[in-house]
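Note: the block below is target17.txt and it holds compact mmCIF, N, CA and C atoms.
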```txt
# COMPACT_ATOMS: atom_id res chain seq x y z
N MET A 126 -14.73 24.04 39.65
CA MET A 126 -13.44 24.61 39.86
C MET A 126 -13.61 26.12 40.00
N ARG A 127 -13.04 26.67 41.03
CA ARG A 127 -13.11 28.11 41.25
C ARG A 127 -11.84 28.76 40.75
N LEU A 128 -11.97 29.80 39.95
CA LEU A 128 -10.82 30.52 39.43
C LEU A 128 -10.86 31.95 39.95
N ASP A 129 -9.81 32.35 40.63
CA ASP A 129 -9.71 33.70 41.17
C ASP A 129 -8.52 34.41 40.54
N ARG A 130 -8.65 35.70 40.34
CA ARG A 130 -7.55 36.50 39.82
C ARG A 130 -6.85 37.16 41.00
N TYR A 131 -5.52 37.13 40.97
CA TYR A 131 -4.74 37.75 42.03
C TYR A 131 -3.89 38.87 41.44
N PRO A 132 -3.63 39.94 42.20
CA PRO A 132 -2.92 41.10 41.68
C PRO A 132 -1.50 40.80 41.19
N PHE A 133 -0.84 39.76 41.70
CA PHE A 133 0.54 39.47 41.30
C PHE A 133 0.62 38.74 39.97
N GLU A 134 -0.49 38.27 39.46
CA GLU A 134 -0.47 37.51 38.21
C GLU A 134 -0.24 38.40 37.01
N LEU A 135 0.49 37.89 36.04
CA LEU A 135 0.73 38.60 34.79
C LEU A 135 -0.47 38.45 33.87
N PHE A 136 -0.67 39.42 33.01
CA PHE A 136 -1.76 39.37 32.05
C PHE A 136 -1.58 38.16 31.13
N GLY A 137 -2.65 37.42 30.90
CA GLY A 137 -2.60 36.28 29.99
C GLY A 137 -2.06 35.01 30.60
N ILE A 138 -1.92 34.96 31.92
CA ILE A 138 -1.39 33.79 32.61
C ILE A 138 -2.46 33.25 33.56
N MET A 139 -2.63 31.94 33.58
CA MET A 139 -3.56 31.30 34.51
C MET A 139 -2.83 30.16 35.21
N TYR A 140 -2.99 30.09 36.52
CA TYR A 140 -2.38 29.03 37.32
C TYR A 140 -3.48 28.07 37.76
N LEU A 141 -3.31 26.80 37.46
CA LEU A 141 -4.24 25.77 37.92
C LEU A 141 -3.51 24.96 38.98
N CYS A 142 -4.04 24.99 40.20
CA CYS A 142 -3.38 24.34 41.34
C CYS A 142 -4.21 23.14 41.78
N ALA A 143 -3.57 21.98 41.82
CA ALA A 143 -4.24 20.76 42.27
C ALA A 143 -4.03 20.58 43.77
N THR A 144 -4.86 19.76 44.37
CA THR A 144 -4.75 19.53 45.81
C THR A 144 -3.48 18.78 46.18
N ASN A 145 -2.84 18.09 45.22
CA ASN A 145 -1.61 17.36 45.51
C ASN A 145 -0.36 18.22 45.34
N GLY A 146 -0.54 19.53 45.10
CA GLY A 146 0.59 20.43 44.95
C GLY A 146 1.03 20.69 43.52
N THR A 147 0.46 19.96 42.57
CA THR A 147 0.79 20.17 41.17
C THR A 147 0.24 21.52 40.71
N VAL A 148 1.07 22.27 39.99
CA VAL A 148 0.64 23.56 39.44
C VAL A 148 0.86 23.53 37.93
N ILE A 149 -0.18 23.86 37.19
CA ILE A 149 -0.09 23.97 35.73
C ILE A 149 -0.25 25.44 35.40
N VAL A 150 0.70 25.97 34.63
CA VAL A 150 0.66 27.38 34.24
C VAL A 150 0.29 27.46 32.77
N LEU A 151 -0.80 28.17 32.48
CA LEU A 151 -1.25 28.36 31.10
C LEU A 151 -0.97 29.79 30.69
N GLN A 152 -0.40 29.97 29.52
CA GLN A 152 -0.12 31.31 29.01
C GLN A 152 -0.80 31.50 27.67
N ALA A 153 -1.57 32.56 27.55
CA ALA A 153 -2.24 32.88 26.29
C ALA A 153 -1.30 33.73 25.43
N ILE A 154 -1.16 33.35 24.16
CA ILE A 154 -0.35 34.12 23.22
C ILE A 154 -1.30 34.68 22.18
N PRO A 155 -1.41 36.02 22.11
CA PRO A 155 -2.35 36.63 21.17
C PRO A 155 -2.07 36.24 19.72
N GLU A 156 -3.11 36.14 18.95
CA GLU A 156 -3.02 35.78 17.54
C GLU A 156 -2.13 36.75 16.76
N SER A 157 -2.09 37.99 17.18
CA SER A 157 -1.31 39.02 16.46
C SER A 157 0.18 39.00 16.78
N THR A 158 0.62 38.09 17.65
CA THR A 158 2.04 38.01 18.03
C THR A 158 2.88 37.59 16.83
N ASP A 159 4.05 38.23 16.69
CA ASP A 159 4.99 37.86 15.63
C ASP A 159 5.29 36.36 15.73
N PRO A 160 5.25 35.62 14.62
CA PRO A 160 5.46 34.17 14.65
C PRO A 160 6.77 33.74 15.31
N ALA A 161 7.85 34.47 15.08
CA ALA A 161 9.14 34.11 15.69
C ALA A 161 9.08 34.27 17.21
N LEU A 162 8.45 35.34 17.66
CA LEU A 162 8.31 35.57 19.10
C LEU A 162 7.40 34.52 19.73
N ALA A 163 6.30 34.20 19.06
CA ALA A 163 5.38 33.18 19.58
C ALA A 163 6.07 31.83 19.70
N THR A 164 6.88 31.48 18.71
CA THR A 164 7.63 30.22 18.76
C THR A 164 8.60 30.22 19.93
N SER A 165 9.28 31.33 20.15
CA SER A 165 10.22 31.45 21.25
C SER A 165 9.52 31.32 22.61
N VAL A 166 8.37 31.97 22.74
CA VAL A 166 7.60 31.90 23.98
C VAL A 166 7.12 30.48 24.23
N LEU A 167 6.63 29.82 23.20
CA LEU A 167 6.17 28.43 23.35
C LEU A 167 7.32 27.50 23.72
N ALA A 168 8.49 27.71 23.13
CA ALA A 168 9.65 26.87 23.44
C ALA A 168 10.06 27.06 24.90
N ALA A 169 10.07 28.29 25.37
CA ALA A 169 10.43 28.56 26.76
C ALA A 169 9.39 27.99 27.71
N ALA A 170 8.12 28.08 27.34
CA ALA A 170 7.04 27.57 28.19
C ALA A 170 7.03 26.05 28.23
N GLY A 171 7.60 25.41 27.23
CA GLY A 171 7.59 23.95 27.17
C GLY A 171 8.58 23.29 28.11
N ARG A 172 9.48 24.07 28.68
CA ARG A 172 10.46 23.51 29.62
C ARG A 172 9.86 23.49 31.02
N ALA A 173 9.93 22.36 31.66
CA ALA A 173 9.37 22.24 33.01
C ALA A 173 10.23 23.01 34.00
N ALA A 174 9.58 23.73 34.89
CA ALA A 174 10.30 24.46 35.93
C ALA A 174 10.76 23.51 37.02
N ARG A 175 10.04 22.40 37.20
CA ARG A 175 10.37 21.44 38.25
C ARG A 175 9.92 20.06 37.80
N THR A 176 10.70 19.06 38.11
CA THR A 176 10.31 17.70 37.78
C THR A 176 9.94 16.95 39.05
N ASP A 177 9.38 15.78 38.91
CA ASP A 177 9.01 14.97 40.08
C ASP A 177 10.22 14.65 40.93
N ALA A 178 11.40 14.50 40.32
CA ALA A 178 12.62 14.20 41.08
C ALA A 178 12.94 15.32 42.06
N ALA A 179 12.57 16.55 41.73
CA ALA A 179 12.84 17.68 42.61
C ALA A 179 12.01 17.61 43.88
N ARG A 180 10.91 16.91 43.85
CA ARG A 180 10.04 16.79 45.03
C ARG A 180 10.63 15.88 46.09
N GLN A 181 11.49 14.97 45.70
CA GLN A 181 11.99 13.96 46.64
C GLN A 181 13.06 14.50 47.55
```

What would you get if you wrote out this structure as structure tokens?
Amino acid sequence: MRLDRYPFELFGIMYLCATNGTVIVLQAIPESTDPALATSVLAAAGRAARTDAARQ
């Protein structure tokens, strides 16, 4: 798997793109992040931006 960094990407974010169009976005949360903020970020990241129904 080849991983390239692009200038538009945010720090700590990685996009994994499959050949079928599926995109998985990974976000790193530093260990020093306030626990309440980390929980909020994880909760927001857990919501899907698009479902399979949107593809149809």

TODO: In Å, rounded to a single decimal, give me how far CA of Cys142 (chain A) is from CA of Glu156 (chain A).
DONE: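 We find that CA of Glu156 (chain A) and CA of Cys142 (chain A) lie 26.4 Å from each other.
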
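The gap separating atom N of Thr164 (chain A) from CA of Val148 (chain A) is 23.1 Å, in Å to one decimal.
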
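CA of Gln152 (chain A) sits 11.1 Å away from CA of Ala169 (chain A).
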